[in-house]
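File shown here: model34.cif, holding mmCIF, C-alpha atoms.
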```cif
data_start
loop_
_atom_site.label_atom_id
_atom_site.label_comp_id
_atom_site.auth_asym_id
_atom_site.auth_seq_id
_atom_site.Cartn_x
_atom_site.Cartn_y
_atom_site.Cartn_z
CA MET A 104 -51.06 90.24 30.95
CA SER A 105 -54.11 92.44 31.46
CA THR A 106 -55.98 90.47 28.82
CA LYS A 107 -55.23 87.19 30.63
CA ILE A 108 -56.44 88.70 33.92
CA GLU A 109 -59.64 89.89 32.28
CA ARG A 110 -60.24 86.47 30.73
CA THR A 111 -59.60 84.75 34.08
CA PHE A 112 -62.00 87.12 35.81
CA THR A 113 -64.65 86.53 33.13
CA TYR A 114 -64.27 82.74 33.43
CA GLY A 115 -64.57 83.06 37.20
CA ILE A 116 -67.81 85.03 36.93
CA LEU A 117 -69.23 82.48 34.48
CA SER A 118 -68.27 79.64 36.84
CA ILE A 119 -70.05 81.32 39.75
CA PHE A 120 -73.20 81.73 37.68
CA ALA A 121 -72.94 78.08 36.62
CA VAL A 122 -72.83 76.92 40.24
CA ILE A 123 -75.79 79.12 41.16
CA SER A 124 -77.78 77.85 38.19
CA LEU A 125 -77.20 74.22 39.24
CA THR A 126 -79.08 74.69 42.51
CA PRO A 127 -82.62 74.64 41.05
CA VAL A 128 -81.55 71.93 38.58
CA ILE A 129 -80.68 69.57 41.43
CA GLY A 130 -84.00 70.34 43.09
CA ILE A 131 -86.12 69.63 40.04
CA LEU A 132 -84.20 66.43 39.24
CA SER A 133 -84.71 65.06 42.75
CA THR A 134 -88.42 65.80 42.41
CA ALA A 135 -88.64 64.28 38.93
CA PHE A 136 -87.19 60.97 40.14
CA GLY A 137 -89.45 60.81 43.20
CA GLU A 138 -92.43 58.50 43.67
CA LYS A 139 -95.75 59.50 42.17
CA GLY A 140 -97.93 61.37 44.60
CA SER A 141 -95.01 61.99 46.95
CA LEU A 142 -94.95 65.32 48.77
CA ASN A 143 -91.15 65.29 49.05
CA THR A 144 -89.79 67.98 46.74
CA GLY A 145 -86.63 70.02 46.51
CA PHE A 146 -83.36 68.46 47.65
CA SER A 147 -84.76 65.38 49.36
CA LEU A 148 -83.52 62.02 48.08
CA PRO A 149 -86.20 59.85 46.38
CA GLU A 150 -87.47 57.07 48.59
CA GLY A 151 -87.38 53.57 47.13
CA GLY A 152 -84.96 54.35 44.31
CA LEU A 153 -85.21 56.41 41.17
CA SER A 154 -88.59 56.37 39.41
CA TRP A 155 -87.61 56.42 35.73
CA SER A 156 -91.21 55.68 34.77
CA ASN A 157 -92.15 59.27 35.59
CA PHE A 158 -90.57 60.42 32.35
CA SER A 159 -92.36 57.91 30.14
CA ASP A 160 -95.67 58.58 31.90
CA ALA A 161 -95.29 62.34 31.54
CA TRP A 162 -94.32 61.91 27.88
CA SER A 163 -97.37 59.81 27.03
CA GLN A 164 -99.96 61.54 29.21
CA GLY A 165 -98.90 65.04 28.17
CA ASN A 166 -98.65 64.27 24.42
CA PHE A 167 -95.21 65.86 24.42
CA GLY A 168 -94.12 63.96 21.33
CA LYS A 169 -96.36 66.14 19.15
CA TYR A 170 -95.50 69.31 21.06
CA LEU A 171 -91.79 68.56 20.75
CA GLY A 172 -92.10 68.23 16.99
CA ASN A 173 -93.90 71.58 16.79
CA SER A 174 -91.24 73.30 18.88
CA ILE A 175 -88.40 71.81 16.82
CA LEU A 176 -90.02 72.96 13.58
CA VAL A 177 -90.60 76.49 14.82
CA ALA A 178 -87.17 76.78 16.43
CA VAL A 179 -85.27 75.49 13.38
CA VAL A 180 -87.06 77.84 10.98
CA VAL A 181 -86.78 80.87 13.28
CA VAL A 182 -83.09 80.30 14.05
CA THR A 183 -82.18 79.66 10.40
CA VAL A 184 -84.03 82.63 8.94
CA ALA A 185 -83.07 85.02 11.76
CA THR A 186 -79.40 84.02 11.53
CA VAL A 187 -79.15 84.53 7.76
CA LEU A 188 -81.04 87.85 7.80
CA SER A 189 -79.11 89.10 10.84
CA ILE A 190 -75.76 88.39 9.18
CA LEU A 191 -76.78 90.15 5.97
CA ALA A 192 -78.26 93.20 7.70
CA ALA A 193 -75.44 93.47 10.24
CA TYR A 194 -72.83 93.29 7.48
CA ALA A 195 -74.52 96.18 5.72
CA PHE A 196 -74.71 98.25 8.91
CA GLY A 197 -71.24 97.34 10.15
CA VAL A 198 -69.14 97.50 7.00
CA MET A 199 -70.99 99.40 4.29
CA ARG A 200 -71.73 103.11 4.31
CA PHE A 201 -75.03 104.33 2.89
CA PRO A 202 -77.46 107.19 3.63
CA GLY A 203 -79.67 106.59 6.65
CA SER A 204 -77.71 103.57 7.90
CA ASN A 205 -77.56 104.83 11.49
CA VAL A 206 -81.27 105.64 11.56
CA LEU A 207 -82.21 102.24 10.18
CA PHE A 208 -79.91 100.50 12.66
CA TYR A 209 -81.53 102.23 15.63
CA VAL A 210 -84.91 101.20 14.28
CA PHE A 211 -83.72 97.60 14.71
CA VAL A 212 -82.38 98.39 18.19
CA ILE A 213 -85.78 99.73 19.24
CA GLY A 214 -87.02 96.16 18.92
CA LEU A 215 -84.89 95.25 21.96
CA THR A 216 -86.68 97.81 24.12
CA LEU A 217 -90.31 97.09 23.23
CA PRO A 218 -92.03 94.76 25.73
CA GLN A 219 -93.68 91.77 24.13
CA GLU A 220 -96.77 92.21 26.29
CA ALA A 221 -97.45 95.56 24.61
CA LEU A 222 -97.23 94.10 21.11
CA VAL A 223 -98.87 90.70 21.32
CA VAL A 224 -102.51 91.87 21.31
CA PRO A 225 -102.34 94.21 18.27
CA LEU A 226 -100.14 91.62 16.58
CA TYR A 227 -102.80 88.99 17.17
CA PHE A 228 -105.46 91.10 15.43
CA ASP A 229 -103.11 91.80 12.52
CA LEU A 230 -102.36 88.11 12.02
CA ARG A 231 -106.01 87.20 12.43
CA HIS A 232 -106.87 89.70 9.70
CA TYR A 233 -104.55 87.81 7.35
CA GLU A 234 -105.97 84.47 8.60
CA ILE A 235 -102.69 83.01 9.77
CA THR A 236 -103.47 82.56 13.46
CA ASP A 237 -103.55 78.93 14.52
CA THR A 238 -100.78 78.20 12.03
CA TYR A 239 -97.04 77.75 12.34
CA TRP A 240 -96.58 81.12 10.66
CA ALA A 241 -98.22 82.83 13.63
CA LEU A 242 -95.30 81.59 15.73
CA ILE A 243 -92.50 81.79 13.16
CA LEU A 244 -92.99 85.31 11.79
CA PRO A 245 -93.23 87.28 15.08
CA GLN A 246 -90.38 85.38 16.73
CA THR A 247 -88.17 85.83 13.68
CA ALA A 248 -88.79 89.58 13.79
CA GLN A 249 -88.03 89.68 17.51
CA SER A 250 -84.81 87.72 17.07
CA LEU A 251 -83.64 90.03 14.28
CA ALA A 252 -83.38 92.96 16.71
CA PHE A 253 -80.82 91.15 18.84
CA GLY A 254 -79.13 89.41 15.92
CA VAL A 255 -78.46 92.61 13.97
CA PHE A 256 -77.19 94.38 17.09
CA TRP A 257 -74.92 91.47 18.04
CA MET A 258 -73.45 90.79 14.59
CA ARG A 259 -72.97 94.47 13.74
CA THR A 260 -70.66 94.72 16.74
CA TYR A 261 -68.65 91.77 15.41
CA PHE A 262 -68.37 93.22 11.90
CA ARG A 263 -67.36 96.61 13.30
CA ASN A 264 -64.55 94.95 15.32
CA SER A 265 -63.40 92.68 12.49
CA ALA A 266 -59.90 93.21 11.17
CA GLN A 267 -60.06 95.92 8.53
CA SER A 268 -56.78 94.71 7.07
CA VAL A 269 -58.36 91.36 6.23
CA MET A 270 -61.25 92.98 4.37
CA GLU A 271 -58.92 95.37 2.57
CA ALA A 272 -56.70 92.46 1.51
CA ALA A 273 -59.78 90.63 0.19
CA ARG A 274 -60.77 93.66 -1.88
CA VAL A 275 -57.25 93.96 -3.26
CA ASP A 276 -57.46 90.30 -4.32
CA GLY A 277 -60.67 91.10 -6.21
CA ALA A 278 -63.22 89.66 -3.77
CA ASN A 279 -66.62 91.33 -3.88
CA SER A 280 -68.78 92.05 -0.83
CA PHE A 281 -70.61 88.72 -1.06
CA THR A 282 -67.37 86.72 -1.19
CA THR A 283 -65.80 88.73 1.61
CA LEU A 284 -68.81 88.11 3.83
CA TRP A 285 -69.43 84.38 3.32
CA ARG A 286 -65.88 83.12 2.70
CA ILE A 287 -63.90 85.32 5.08
CA LEU A 288 -65.93 87.10 7.75
CA VAL A 289 -68.48 84.35 8.47
CA PRO A 290 -65.84 81.61 9.03
CA MET A 291 -63.88 84.03 11.22
CA GLY A 292 -67.00 84.91 13.18
CA ARG A 293 -68.18 81.39 14.05
CA PRO A 294 -67.98 82.01 17.83
CA ALA A 295 -70.13 85.15 17.57
CA ILE A 296 -72.58 83.44 15.23
CA THR A 297 -72.77 80.37 17.48
CA THR A 298 -73.55 82.57 20.49
CA MET A 299 -76.33 84.26 18.55
CA ILE A 300 -77.73 80.88 17.44
CA VAL A 301 -77.76 79.47 20.98
CA ILE A 302 -79.45 82.54 22.46
CA THR A 303 -82.02 82.72 19.66
CA PHE A 304 -82.77 79.01 20.02
CA MET A 305 -83.26 79.35 23.78
CA TRP A 306 -85.61 82.31 23.35
CA THR A 307 -87.62 80.56 20.66
CA TRP A 308 -87.81 77.24 22.50
CA ASN A 309 -88.98 78.85 25.76
CA GLU A 310 -91.48 81.25 24.17
CA PHE A 311 -94.82 80.94 25.95
CA LEU A 312 -96.86 84.13 25.61
CA MET A 313 -96.83 84.20 21.81
CA ALA A 314 -97.92 80.56 21.61
CA LEU A 315 -100.62 81.12 24.23
CA VAL A 316 -102.18 84.03 22.32
CA MET A 317 -101.71 82.83 18.74
CA ILE A 318 -102.49 79.12 19.11
CA SER A 319 -105.78 77.60 20.21
CA GLU A 320 -105.59 74.25 18.41
CA GLU A 321 -104.20 71.43 20.53
CA GLY A 322 -102.20 69.98 17.63
CA LEU A 323 -100.15 73.17 17.17
CA ARG A 324 -99.05 73.67 20.77
CA THR A 325 -95.37 74.01 21.57
CA VAL A 326 -93.76 72.36 24.59
CA PRO A 327 -93.99 75.36 26.98
CA LEU A 328 -97.69 75.72 26.18
CA GLY A 329 -98.18 71.97 26.47
CA LEU A 330 -96.52 72.01 29.90
CA ALA A 331 -98.94 74.70 31.07
CA PHE A 332 -101.95 72.60 30.08
CA PHE A 333 -100.31 69.49 31.52
CA GLN A 334 -99.85 71.34 34.81
CA GLY A 335 -103.59 71.98 34.91
CA GLN A 336 -104.19 68.23 34.62
CA GLN A 337 -101.51 67.14 37.13
CA THR A 338 -101.61 69.82 39.81
CA SER A 339 -101.34 67.21 42.59
CA ASP A 340 -98.48 65.14 41.14
CA THR A 341 -95.32 67.20 41.34
CA SER A 342 -93.10 64.32 40.22
CA LEU A 343 -94.79 64.11 36.81
CA LEU A 344 -94.66 67.90 36.43
CA ALA A 345 -90.96 67.93 37.26
CA ALA A 346 -90.31 65.05 34.83
CA ALA A 347 -92.15 66.93 32.09
CA ALA A 348 -90.13 70.07 32.81
CA VAL A 349 -86.89 68.08 32.52
CA LEU A 350 -87.98 66.64 29.17
CA ILE A 351 -88.74 70.12 27.86
CA ALA A 352 -85.44 71.60 29.05
CA LEU A 353 -83.34 68.70 27.75
CA PRO A 354 -83.04 69.90 24.10
CA VAL A 355 -81.77 73.30 25.24
CA VAL A 356 -79.20 71.64 27.49
CA VAL A 357 -78.06 69.38 24.65
CA VAL A 358 -77.66 72.32 22.25
CA TYR A 359 -75.73 74.32 24.83
CA ILE A 360 -73.39 71.43 25.71
CA ALA A 361 -72.74 70.75 22.03
CA LEU A 362 -71.90 74.39 21.31
CA GLN A 363 -70.63 75.56 24.69
CA ARG A 364 -67.02 76.04 23.60
CA ARG A 365 -67.83 78.44 20.80
CA PHE A 366 -70.65 79.97 22.85
CA ILE A 367 -68.29 80.94 25.67
CA GLU A 368 -65.66 82.02 23.16
CA GLY A 369 -68.19 84.28 21.48
CA MET A 370 -69.24 85.77 24.83
CA LEU A 371 -65.61 86.42 25.75
CA THR A 372 -64.95 87.99 22.36
CA GLY A 373 -67.73 90.46 23.06
CA ALA A 374 -66.61 91.07 26.64
CA VAL A 375 -62.86 91.42 26.03
CA LYS A 376 -61.51 93.58 23.24
CA GLU A 377 -58.21 92.31 21.93
#
```

Rewrite the structure from the file as structure tokens, please.
Amino acid sequence: MSTKIERTFTYGILSIFAVISLTPVIGILSTAFGEKGSLNTGFSLPEGGLSWSNFSDAWSQGNFGKYLGNSILVAVVVVTVATVLSILAAYAFGVMRFPGSNVLFYVFVIGLTLPQEALVVPLYFDLRHYEITDTYWALILPQTAQSLAFGVFWMRTYFRNSAQSVMEAARVDGANSFTTLWRILVPMGRPAITTMIVITFMWTWNEFLMALVMISEEGLRTVPLGLAFFQGQQTSDTSLLAAAAVLIALPVVVVYIALQRRFIEGMLTGAVKE
């Protein structure tokens, strides 16, 4: 009974946050569908109908097709590599016992406490020394390393809470560590892994500071950086800016809607201990 109450309370909290988060969404959508050059922003209804052309104009004028491709490439590589490495490292820290495991784990956890603003400048000079600034690697490598800190912490908690009886039964049946991980624990942990993937994707997609410092070529800009430059060109037209912001946020919304069931299940698994 207590578990059901805790789950109901958690769902209620998530619903409240969802309602609060919809408030700015409604405001930006009403602005995005407004007439060009209109000063009506926020929750006012667009005059003269919905202006769907704002989205096509923002897409073409801001060159967001190229920026979108860059962001998709970076996000897919970062999420894939960070997910695989996080699962492997977290399995070692959560299940295996070896000398220095606790020390090495807290080294990963330190990555969650270091502010990006303190690291981006020395990181820029390091990457420039190896001549990989103004390349996709300048975005992929740092963001993968940043995502590993959270991924290892998140997945280690899952492996620590996994049923020991299942792993012991797998060992009795002759399964080695690799088989136990990929054929038993990973399928069981899909909600936790999905939550990690969604959060990592959101962080990578919305990353602005790293792209601003590492990228100077127009052809390598990601969508958040492209929106910043587009804002400098369209400071007087809020409808186009809002339309561009909606286009940029749309992939994140699609990913979340597609994976929301397992995402929420993974969050509840971490919040409520069975």

Contact residues around region 217-226 of chain A with all atoms listed in the file at 12 Å, ignoring same-chain residues under 4 positions, as a PyMOL selection string: chain A and resi 210-213+230-233+235-236+241-242+244-246+248-249+252+310-317

How would the residues just picked look written out with C-alpha atoms as a PDB file, in the coordinates of the input?
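Written file, result_27.pdb:
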```
ATOM      1  CA  VAL A 210     -84.910 101.200  14.280  1.00  0.00           C
ATOM      2  CA  PHE A 211     -83.720  97.600  14.710  1.00  0.00           C
ATOM      3  CA  VAL A 212     -82.380  98.390  18.190  1.00  0.00           C
ATOM      4  CA  ILE A 213     -85.780  99.730  19.240  1.00  0.00           C
ATOM      5  CA  LEU A 230    -102.360  88.110  12.020  1.00  0.00           C
ATOM      6  CA  ARG A 231    -106.010  87.200  12.430  1.00  0.00           C
ATOM      7  CA  HIS A 232    -106.870  89.700   9.700  1.00  0.00           C
ATOM      8  CA  TYR A 233    -104.550  87.810   7.350  1.00  0.00           C
ATOM      9  CA  ILE A 235    -102.690  83.010   9.770  1.00  0.00           C
ATOM     10  CA  THR A 236    -103.470  82.560  13.460  1.00  0.00           C
ATOM     11  CA  ALA A 241     -98.220  82.830  13.630  1.00  0.00           C
ATOM     12  CA  LEU A 242     -95.300  81.590  15.730  1.00  0.00           C
ATOM     13  CA  LEU A 244     -92.990  85.310  11.790  1.00  0.00           C
ATOM     14  CA  PRO A 245     -93.230  87.280  15.080  1.00  0.00           C
ATOM     15  CA  GLN A 246     -90.380  85.380  16.730  1.00  0.00           C
ATOM     16  CA  ALA A 248     -88.790  89.580  13.790  1.00  0.00           C
ATOM     17  CA  GLN A 249     -88.030  89.680  17.510  1.00  0.00           C
ATOM     18  CA  ALA A 252     -83.380  92.960  16.710  1.00  0.00           C
ATOM     19  CA  GLU A 310     -91.480  81.250  24.170  1.00  0.00           C
ATOM     20  CA  PHE A 311     -94.820  80.940  25.950  1.00  0.00           C
ATOM     21  CA  LEU A 312     -96.860  84.130  25.610  1.00  0.00           C
ATOM     22  CA  MET A 313     -96.830  84.200  21.810  1.00  0.00           C
ATOM     23  CA  ALA A 314     -97.920  80.560  21.610  1.00  0.00           C
ATOM     24  CA  LEU A 315    -100.620  81.120  24.230  1.00  0.00           C
ATOM     25  CA  VAL A 316    -102.180  84.030  22.320  1.00  0.00           C
ATOM     26  CA  MET A 317    -101.710  82.830  18.740  1.00  0.00           C
TER      27      MET A 317
END
```

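Here the PyMOL selection byres ((chain A and resi 362) around 12) captures the residues A:Arg293, A:Pro294, A:Ala295, A:Ile296, A:Thr297, A:Thr298, A:Met299, A:Ile300, A:Val301, A:Ile302, A:Phe304, A:Val355, A:Val356, A:Val357, A:Val358, A:Tyr359, A:Ile360, A:Ala361, A:Gln363, A:Arg364, A:Arg365, A:Phe366, A:Ile367, A:Glu368, A:Gly369.
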
Residue contacts of region 322-325 of chain A (12 Å, only C-alpha atoms) excluding same-chain residues fewer than 2 positions away, as a ChimeraX atom specification: /A:165-178,236-243,307-320,327-333,351

Quick one: pull the distance between CA of Leu343 (chain A) and CA of Trp306 (chain A), Å, one decimal.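 That distance, rounded to one decimal, is 24.4 Å.
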
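The nearest approach to Ala346 (chain A) among the residues A:Ser265, A:Arg259, A:Arg274, A:Gln334, with all atoms listed in the file taken into account, belongs to A:Gln334.
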
Distance CA of Gly197 (chain A)-CA of Val181 (chain A), one decimal place?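 Answer for the CA of Gly197 (chain A) to CA of Val181 (chain A) separation: 22.9 Å.
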
Interatomic distance (Å, one decimal) between CA of Thr247 (chain A) and CA of Ser189 (chain A):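 A separation of 10.0 Å between them.
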
So which residues touch Leu191 (chain A) within 12 Å, counting all atoms listed in the file, skipping near sequence neighbours fewer than 2 positions away, as a list of chain:residue names?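 Final neighbour list, sorted by chain and number: A:Val184, A:Ala185, A:Thr186, A:Val187, A:Leu188, A:Ser189, A:Ala193, A:Tyr194, A:Ala195, A:Phe196, A:Gly197, A:Val198, A:Met199, A:Leu251, A:Gly254, A:Val255, A:Phe256, A:Met258, A:Arg259, A:Phe262, A:Ser280, A:Phe281, A:Thr283, A:Leu284, A:Trp285, A:Leu288, A:Val289.
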
Dump as a compact mmCIF listing (two decimals), in the frame of the given file, selection limited to C-alpha atoms:
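Contents of again.txt, as written:
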```txt
# COMPACT_ATOMS: atom_id res chain seq x y z
CA VAL A 184 -84.03 82.63 8.94
CA ALA A 185 -83.07 85.02 11.76
CA THR A 186 -79.40 84.02 11.53
CA VAL A 187 -79.15 84.53 7.76
CA LEU A 188 -81.04 87.85 7.80
CA SER A 189 -79.11 89.10 10.84
CA ALA A 193 -75.44 93.47 10.24
CA TYR A 194 -72.83 93.29 7.48
CA ALA A 195 -74.52 96.18 5.72
CA PHE A 196 -74.71 98.25 8.91
CA GLY A 197 -71.24 97.34 10.15
CA VAL A 198 -69.14 97.50 7.00
CA MET A 199 -70.99 99.40 4.29
CA LEU A 251 -83.64 90.03 14.28
CA GLY A 254 -79.13 89.41 15.92
CA VAL A 255 -78.46 92.61 13.97
CA PHE A 256 -77.19 94.38 17.09
CA MET A 258 -73.45 90.79 14.59
CA ARG A 259 -72.97 94.47 13.74
CA PHE A 262 -68.37 93.22 11.90
CA SER A 280 -68.78 92.05 -0.83
CA PHE A 281 -70.61 88.72 -1.06
CA THR A 283 -65.80 88.73 1.61
CA LEU A 284 -68.81 88.11 3.83
CA TRP A 285 -69.43 84.38 3.32
CA LEU A 288 -65.93 87.10 7.75
CA VAL A 289 -68.48 84.35 8.47
```
